[in-house]
Amino acid sequence: MLRLPVAALLLIQVFCAQANLLTDIQQLSAADMQGRKTGTVGAGLARELISERFAHLRLDRFNNSYQQPFVYSSWPEKTGINVLAWRQGCTYPNHYIVVTAHYDHLGIQGRKIFYGADDNASGVAAMLELAARLNHFCPVYSYIFLATDAEENGLHGSKAFITKSPVPPGSIVMNLNLDMISQPDRRGKLYLTGVRRYPALTAQLDATFSTLQFLHHRGPGRIARDNPRYNWPNASDHGPFHRAGIPYLFFGGQEHAYYHTEQDTWQRIEPVFLDMAMRSIWQTVQWLEQQPPQTLRPDKH
C-alpha cells in the first residue's frame, strides 16, 4: 500500500474540501433552485439537498425529522421550514454549539433569477463542510446544524428556532453564524463579528489570516451602523441568539458588487477567498473545541 506523507494528505483534504464547497454552492445556486425564495419549489429543492446531506452524514434528527416548520405571519399566513440536524458531543454532550446559515434567497423577479451563490449558498456549503469534518471524530460539544428559512424577510427562521428550540436555550453556549463568505468586500476583507470577547481567539486568527477584519458585536462605526445592513447584531441569523443572551461569532461579508443582484452566481465565487474563509472557520471551531463551557458562555456558569 502506498503511504503518503502527512503534508500530502493534508493537501488532498484541502483540495477535496474546496471541491465540495464549490459543488454545493453550484448546486444550491443552480437555475432549478429558482433563487430559493421562501415558500417556492426552489426552496423545497434546497431543503431536499440539505436533508440528503444530513442523512448521508448520519446526523441525528429532532422529533424524527430534519424539518422544523413555522408560521411567521398569521394574516396573510406565511410559513417557512428550517432544516436542522445534530451531532452529539463526548465531553460536554449537554452543551450545544449551533451552526447557522440561511438557505433562502430572493427568488425570481420578473425574468431575473437571483441565484444567491454568495448569499447564502456559500454559508450553507461551509456549514455542511463543518458537519462532515466533525463527523470524523467525536467532538467535545454537541453541534446543531441549522439551515434557516425566511432570513431575507426578517430573520424568521432563527427566531422560530429560538422560540421553539429543541434543546433548552440555556444549554446553547455559542451560535456560529455563516452568511456570505465567498466574496470579499471592497477592501478584500471577510468580517468576524463578536470575536472581541475572546482575545485569545482573535490573536490566533490574526496571526494567520490577514484578510480577516475583527469587529465587536456592535459592528462598524456609527456612520456605517446607520445603514440597516450594518446593524451587526441584527444583520443576520445571529440576531435572535444575541437577543436571547447567547454569544455568537458571525463570519460574513459586507455588500459587494453582486449583492442582491442576478449576478451573484457560482461562477463569480473567488475560490482562494472561499478557501481562506473555510480555513478560518475551521480554525475557530478547533479553538472552540478546546474551551470549557464557562469560557464560551460565562453567564451560565
# chains A, B, ... in the order shown; residues from 1 in each chain; ligands from 1

$ residues_around --residues "Arg58 of chain A" --least-positions-apart "5" --cutoff "9 Å" --atoms "only C-alpha atoms" --output "list in words"
Arg53, Arg87 and Asn135 of chain A

$ write_last_selection --atoms "N, CA and C atoms" --output "CSV table (one decimal), in the first residue's frame"
chain,number,residue,atom,x,y,z
A,53,ARG,N,-27.9,15.5,2.5
A,53,ARG,CA,-26.5,15.6,3.0
A,53,ARG,C,-26.5,15.2,4.5
A,87,ARG,N,-25.4,16.5,16.1
A,87,ARG,CA,-24.3,15.6,16.4
A,87,ARG,C,-23.9,15.7,17.8
A,135,ASN,N,-17.7,14.9,11.7
A,135,ASN,CA,-18.2,13.5,11.7
A,135,ASN,C,-17.0,12.5,11.7

$ select_by_dssp --residues "segment 56-246 of chain A" --states "strand (DSSP E or B)" --output "MDAnalysis selection string"
chainID A and resid 60 62 65 67:74 77:87 92:102 107:109 112:114 141:148 172:179 190:193 212:215

$ select_by_dssp --residues "segment 47-195 of chain A" --states "alpha helix (DSSP H)" --output "mmCIF file with N, CA, C and O atoms, in the first residue's frame"
data_model
loop_
_atom_site.group_PDB
_atom_site.id
_atom_site.type_symbol
_atom_site.label_atom_id
_atom_site.label_comp_id
_atom_site.auth_asym_id
_atom_site.auth_seq_id
_atom_site.Cartn_x
_atom_site.Cartn_y
_atom_site.Cartn_z
ATOM 1 N N ARG A 47 -34.097 22.326 0.370
ATOM 2 C CA ARG A 47 -34.306 21.535 1.604
ATOM 3 C C ARG A 47 -34.007 20.065 1.363
ATOM 4 O O ARG A 47 -33.408 19.401 2.207
ATOM 5 N N GLU A 48 -34.421 19.552 0.212
ATOM 6 C CA GLU A 48 -34.141 18.149 -0.107
ATOM 7 C C GLU A 48 -32.645 17.892 -0.173
ATOM 8 O O GLU A 48 -32.154 16.886 0.355
ATOM 9 N N LEU A 49 -31.923 18.797 -0.814
ATOM 10 C CA LEU A 49 -30.480 18.627 -0.936
ATOM 11 C C LEU A 49 -29.813 18.631 0.439
ATOM 12 O O LEU A 49 -28.983 17.767 0.744
ATOM 13 N N ILE A 50 -30.177 19.586 1.276
ATOM 14 C CA ILE A 50 -29.575 19.686 2.612
ATOM 15 C C ILE A 50 -29.941 18.470 3.454
ATOM 16 O O ILE A 50 -29.088 17.900 4.148
ATOM 17 N N SER A 51 -31.189 18.048 3.384
ATOM 18 C CA SER A 51 -31.627 16.875 4.149
ATOM 19 C C SER A 51 -30.886 15.625 3.710
ATOM 20 O O SER A 51 -30.508 14.780 4.535
ATOM 21 N N GLU A 52 -30.687 15.480 2.396
ATOM 22 C CA GLU A 52 -29.939 14.322 1.885
ATOM 23 C C GLU A 52 -28.514 14.313 2.408
ATOM 24 O O GLU A 52 -27.972 13.253 2.755
ATOM 25 N N ARG A 53 -27.899 15.480 2.469
ATOM 26 C CA ARG A 53 -26.544 15.562 3.008
ATOM 27 C C ARG A 53 -26.522 15.209 4.492
ATOM 28 O O ARG A 53 -25.616 14.515 4.967
ATOM 29 N N PHE A 54 -27.492 15.696 5.236
ATOM 30 C CA PHE A 54 -27.580 15.351 6.663
ATOM 31 C C PHE A 54 -27.724 13.841 6.841
ATOM 32 O O PHE A 54 -27.072 13.237 7.696
ATOM 33 N N ALA A 55 -28.587 13.233 6.019
ATOM 34 C CA ALA A 55 -28.802 11.786 6.116
ATOM 35 C C ALA A 55 -27.538 11.017 5.741
ATOM 36 O O ALA A 55 -27.193 10.009 6.380
ATOM 37 N N HIS A 56 -26.838 11.477 4.701
ATOM 38 C CA HIS A 56 -25.595 10.821 4.278
ATOM 39 C C HIS A 56 -24.549 10.851 5.396
ATOM 40 O O HIS A 56 -23.795 9.884 5.579
ATOM 41 N N SER A 122 -23.087 29.959 -0.062
ATOM 42 C CA SER A 122 -21.724 29.800 0.463
ATOM 43 C C SER A 122 -21.741 29.429 1.939
ATOM 44 O O SER A 122 -20.978 28.562 2.388
ATOM 45 N N GLY A 123 -22.586 30.070 2.722
ATOM 46 C CA GLY A 123 -22.661 29.751 4.146
ATOM 47 C C GLY A 123 -23.196 28.351 4.402
ATOM 48 O O GLY A 123 -22.710 27.639 5.281
ATOM 49 N N VAL A 124 -24.203 27.948 3.612
ATOM 50 C CA VAL A 124 -24.749 26.593 3.761
ATOM 51 C C VAL A 124 -23.696 25.559 3.410
ATOM 52 O O VAL A 124 -23.546 24.539 4.093
ATOM 53 N N ALA A 125 -22.950 25.808 2.342
ATOM 54 C CA ALA A 125 -21.891 24.874 1.941
ATOM 55 C C ALA A 125 -20.840 24.739 3.042
ATOM 56 O O ALA A 125 -20.369 23.636 3.338
ATOM 57 N N ALA A 126 -20.469 25.847 3.664
ATOM 58 C CA ALA A 126 -19.492 25.796 4.754
ATOM 59 C C ALA A 126 -20.055 25.057 5.965
ATOM 60 O O ALA A 126 -19.329 24.303 6.628
ATOM 61 N N MET A 127 -21.334 25.237 6.253
ATOM 62 C CA MET A 127 -21.966 24.511 7.345
ATOM 63 C C MET A 127 -21.930 23.003 7.091
ATOM 64 O O MET A 127 -21.618 22.211 7.996
ATOM 65 N N LEU A 128 -22.226 22.594 5.853
ATOM 66 C CA LEU A 128 -22.188 21.176 5.512
ATOM 67 C C LEU A 128 -20.763 20.626 5.590
ATOM 68 O O LEU A 128 -20.553 19.489 6.016
ATOM 69 N N GLU A 129 -19.786 21.437 5.204
ATOM 70 C CA GLU A 129 -18.391 21.015 5.306
ATOM 71 C C GLU A 129 -17.984 20.845 6.766
ATOM 72 O O GLU A 129 -17.278 19.885 7.121
ATOM 73 N N LEU A 130 -18.425 21.747 7.635
ATOM 74 C CA LEU A 130 -18.158 21.597 9.071
ATOM 75 C C LEU A 130 -18.779 20.305 9.603
ATOM 76 O O LEU A 130 -18.147 19.577 10.382
ATOM 77 N N ALA A 131 -20.015 20.033 9.211
ATOM 78 C CA ALA A 131 -20.678 18.809 9.664
ATOM 79 C C ALA A 131 -19.893 17.580 9.224
ATOM 80 O O ALA A 131 -19.747 16.618 9.988
ATOM 81 N N ALA A 132 -19.365 17.615 8.000
ATOM 82 C CA ALA A 132 -18.584 16.475 7.500
ATOM 83 C C ALA A 132 -17.293 16.308 8.290
ATOM 84 O O ALA A 132 -16.914 15.186 8.656
ATOM 85 N N ARG A 133 -16.610 17.400 8.579
ATOM 86 C CA ARG A 133 -15.348 17.309 9.312
ATOM 87 C C ARG A 133 -15.566 16.830 10.745
ATOM 88 O O ARG A 133 -14.772 16.036 11.262
ATOM 89 N N LEU A 134 -16.618 17.314 11.376
ATOM 90 C CA LEU A 134 -16.887 16.916 12.754
ATOM 91 C C LEU A 134 -17.409 15.486 12.837
ATOM 92 O O LEU A 134 -17.519 14.928 13.927
ATOM 93 N N HIS A 156 -36.719 35.219 10.256
ATOM 94 C CA HIS A 156 -37.815 34.459 10.871
ATOM 95 C C HIS A 156 -37.431 33.030 11.224
ATOM 96 O O HIS A 156 -37.938 32.467 12.207
ATOM 97 N N GLY A 157 -36.548 32.406 10.448
ATOM 98 C CA GLY A 157 -36.152 31.034 10.755
ATOM 99 C C GLY A 157 -35.402 30.926 12.072
ATOM 100 O O GLY A 157 -35.666 30.036 12.886
ATOM 101 N N SER A 158 -34.458 31.823 12.294
ATOM 102 C CA SER A 158 -33.718 31.784 13.560
ATOM 103 C C SER A 158 -34.602 32.204 14.726
ATOM 104 O O SER A 158 -34.463 31.678 15.841
ATOM 105 N N LYS A 159 -35.527 33.137 14.497
ATOM 106 C CA LYS A 159 -36.483 33.499 15.551
ATOM 107 C C LYS A 159 -37.323 32.284 15.941
ATOM 108 O O LYS A 159 -37.573 32.040 17.131
ATOM 109 N N ALA A 160 -37.771 31.519 14.936
ATOM 110 C CA ALA A 160 -38.581 30.335 15.209
ATOM 111 C C ALA A 160 -37.793 29.290 15.974
ATOM 112 O O ALA A 160 -38.323 28.630 16.877
ATOM 113 N N PHE A 161 -36.522 29.134 15.636
ATOM 114 C CA PHE A 161 -35.693 28.166 16.351
ATOM 115 C C PHE A 161 -35.558 28.553 17.811
ATOM 116 O O PHE A 161 -35.697 27.706 18.705
ATOM 117 N N ILE A 162 -35.284 29.823 18.090
ATOM 118 C CA ILE A 162 -35.140 30.268 19.473
ATOM 119 C C ILE A 162 -36.462 30.111 20.233
ATOM 120 O O ILE A 162 -36.483 29.690 21.393
ATOM 121 N N THR A 163 -37.568 30.428 19.572
ATOM 122 C CA THR A 163 -38.877 30.336 20.229
ATOM 123 C C THR A 163 -39.234 28.904 20.578
ATOM 124 O O THR A 163 -39.800 28.628 21.646
#

$ atom_distance --atom1 "atom CA of Gln68 of chain A" --atom2 "atom CA of Val83 of chain A"
6.2 Å

$ atom_distance --atom1 "atom CA of Leu201 of chain A" --atom2 "atom CA of Thr284 of chain A"
7.3 Å

$ residues_around --residues "Trp266 of chain A" --least-positions-apart "6" --cutoff "8 Å" --atoms "only C-alpha atoms" --output "list in words"
Leu22, Ile25, Gln26, Ser29, Ala117 and Asp118 of chain A

$ atom_distance --atom1 "atom CA of Arg36 of chain A" --atom2 "atom CA of Ile144 of chain A"
22.2 Å

$ residues_around --residues "Asp185 of chain A" --least-positions-apart "5" --cutoff "10 Å" --atoms "only C-alpha atoms" --output "list in words"
Leu190, Tyr191, Gly252, Gly253, Gln254, Glu255, His256 and Ala257 of chain A

$ closest_residue --among "A:Leu288, A:Leu45, A:Ala207, A:Leu155" --to "Leu249 of chain A" --atoms "only C-alpha atoms"
A:Leu288
